[in-house]
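Below is one structure, written out as structure tokens, with a few remarks after it.
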Amino acid sequence: MAKKKTAKQKAGIKRRPSAKQSRELSVISHLKLQAVRLIESSSKLVLRDGKHPTEHSVTIGVGHAIIQDEGTNTINIAVRVVVDARPPGKETDASRMTIMALVECIYTSATALSNEEAAGMVGMGALAAWPHVRDFVSSLTMRMGQPPLVLPLLILNPETKALTLARGNDSVSEAAPSRTRSRK
């Protein structure tokens, strides 16, 4: 007789983390989120024929920098989001709304991190920033007198560390190369 699978087994959840997952959990346990802040934003709205831009695409770029001070290691994760909205249809001369937001997540760590470990944390920073970005875009579109744009959820694949949007037809990309800076 076949043994019944538990809910965790059906969901593909292993009982014990792999060696790689254990190392990542160890790194994460040493991190402390210090701040999430909006660094830069811009928006543009062009209305034509009274048609509101309601169909949108989202492009996300993420990158990181490690700053090593005496006794403190800081990881800055930058998340740049561009939302481009148009009215339904493919008219080239239609209304258009573009919103850009650059959000920075600042983490500190008691232990020094390698560039590879910090790069592995980029997705976590994007996840920390995403609720703020969603709120900012929705609030800004309402302040512009437009129907609020509600961005889809951001999902981090734990195996591949790839970021995807729940809607699935938008793009997520790694931004400019990361950098490490030491201060003495």
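Just so we're on the same page: first chain in the structure tokens is A, next is B, and so on; residues restart at 1 for each chain, and ligands are numbered from 1 in the order they show up.
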Do you know which residues are at most 9 Å from Gln146 in chain A counting only C-alpha atoms, after dropping those on the same chain fewer than 6 positions away, and could you put them as a CSV table (one decimal) with C-alpha atoms, in the first residue's frame?
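The result, written out as result-v4.csv:
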chain,number,residue,atom,x,y,z
A,52,HIS,CA,-7.7,57.1,-19.6
A,53,PRO,CA,-4.5,55.0,-19.8
A,54,THR,CA,-5.5,51.8,-17.9
A,140,LEU,CA,0.1,58.9,-7.6
Closest of A:His56, A:Arg48, A:Lys32, A:Arg167 to Val83 in chain A - atom-to-atom distances counting only C-alpha atoms: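 Ranking A:His56, A:Arg48, A:Lys32, A:Arg167 by distance to Val83 in chain A, first place goes to A:His56.
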Neighbour list for Ser109 in chain A as a ChimeraX atom specification, cut-off 8 Å, only C-alpha atoms, skip fewer than 5 positions in-chain: /A:30-32,72-75
Nearby residues (only C-alpha atoms) at most 7 Å from Val46 in chain A, same-chain spacing under 2 positions excluded, as a ChimeraX atom specification: /A:44,48,95-97
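Proximity to Ala118 in chain A was assessed for A:Leu165, A:Met144, A:Ile106, A:Ala94 counting only C-alpha atoms; the smallest distance is recorded for A:Ile106.
The shortest atom-to-atom distance to Val122 in chain A, with only C-alpha atoms taken into account, belongs to A:Ile77 out of A:Ile66, A:Ile60, A:Ala35, A:Ile77.
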For Gly125 in chain A, the nearest of the candidates A:Val62, A:Leu153, A:Leu102, A:Leu45, counting only C-alpha atoms: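 Smallest distance to Gly125 in chain A is found for A:Val62.
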Atomic distance CA of Pro158 in chain A - CA of Leu127 in chain A, expressed in Å with one decimal: 12.2 Å
Closest of A:Ala119, A:Ala129, A:Val79, A:Leu47 to Thr59 in chain A - atom-to-atom distances counting only C-alpha atoms: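 Counting only C-alpha atoms, the residue closest to Thr59 in chain A is A:Val79.
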Could you write out, as a compact mmCIF listing (two decimals) with C-alpha atoms, in the first residue's frame, all the residues of range 95-151 of chain A that DSSP marks as alpha helix (DSSP H)?
# COMPACT_ATOMS: atom_id res chain seq x y z
CA ASN A 115 29.67 40.11 -3.62
CA GLU A 116 28.00 36.78 -4.49
CA GLU A 117 26.16 36.66 -1.15
CA ALA A 118 24.99 40.26 -1.59
CA ALA A 119 23.86 39.52 -5.13
CA GLY A 120 21.76 36.69 -3.71
CA VAL A 122 18.89 41.47 -4.34
CA GLY A 123 15.57 39.68 -4.70
CA MET A 124 14.89 40.12 -1.00
CA GLY A 125 15.46 43.86 -1.34
CA ALA A 126 13.09 44.04 -4.28
CA LEU A 127 10.46 42.20 -2.23
CA ALA A 128 10.92 44.66 0.65
CA ALA A 129 10.50 47.64 -1.69
CA TRP A 130 7.59 46.28 -3.74
CA PRO A 131 4.67 47.12 -1.37
CA HIS A 132 5.96 50.71 -1.21
CA VAL A 133 6.22 50.89 -5.01
CA ARG A 134 2.69 49.50 -5.47
CA ASP A 135 1.30 52.04 -3.00
CA PHE A 136 3.24 54.90 -4.61
CA VAL A 137 2.00 54.10 -8.14
CA SER A 138 -1.62 53.63 -7.05
CA SER A 139 -1.60 56.81 -4.96
CA LEU A 140 0.12 58.87 -7.65
CA THR A 141 -2.30 57.81 -10.39
CA MET A 142 -5.26 58.79 -8.18
CA ARG A 143 -3.64 62.18 -7.46
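Put simply, CA of Leu113 in chain A is 27.3 Å away from CA of Glu40 in chain A.
Coordinates place CA of Ala78 in chain A at a distance of 19.6 Å from CA of Ala112 in chain A.
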Minimum-distance residue to Ala65 in chain A, chosen among A:Ser43, A:Pro88, A:Ser114, A:Ile99 (using only C-alpha atoms):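 Ranked by minimum distance to Ala65 in chain A, first place goes to A:Ser114.
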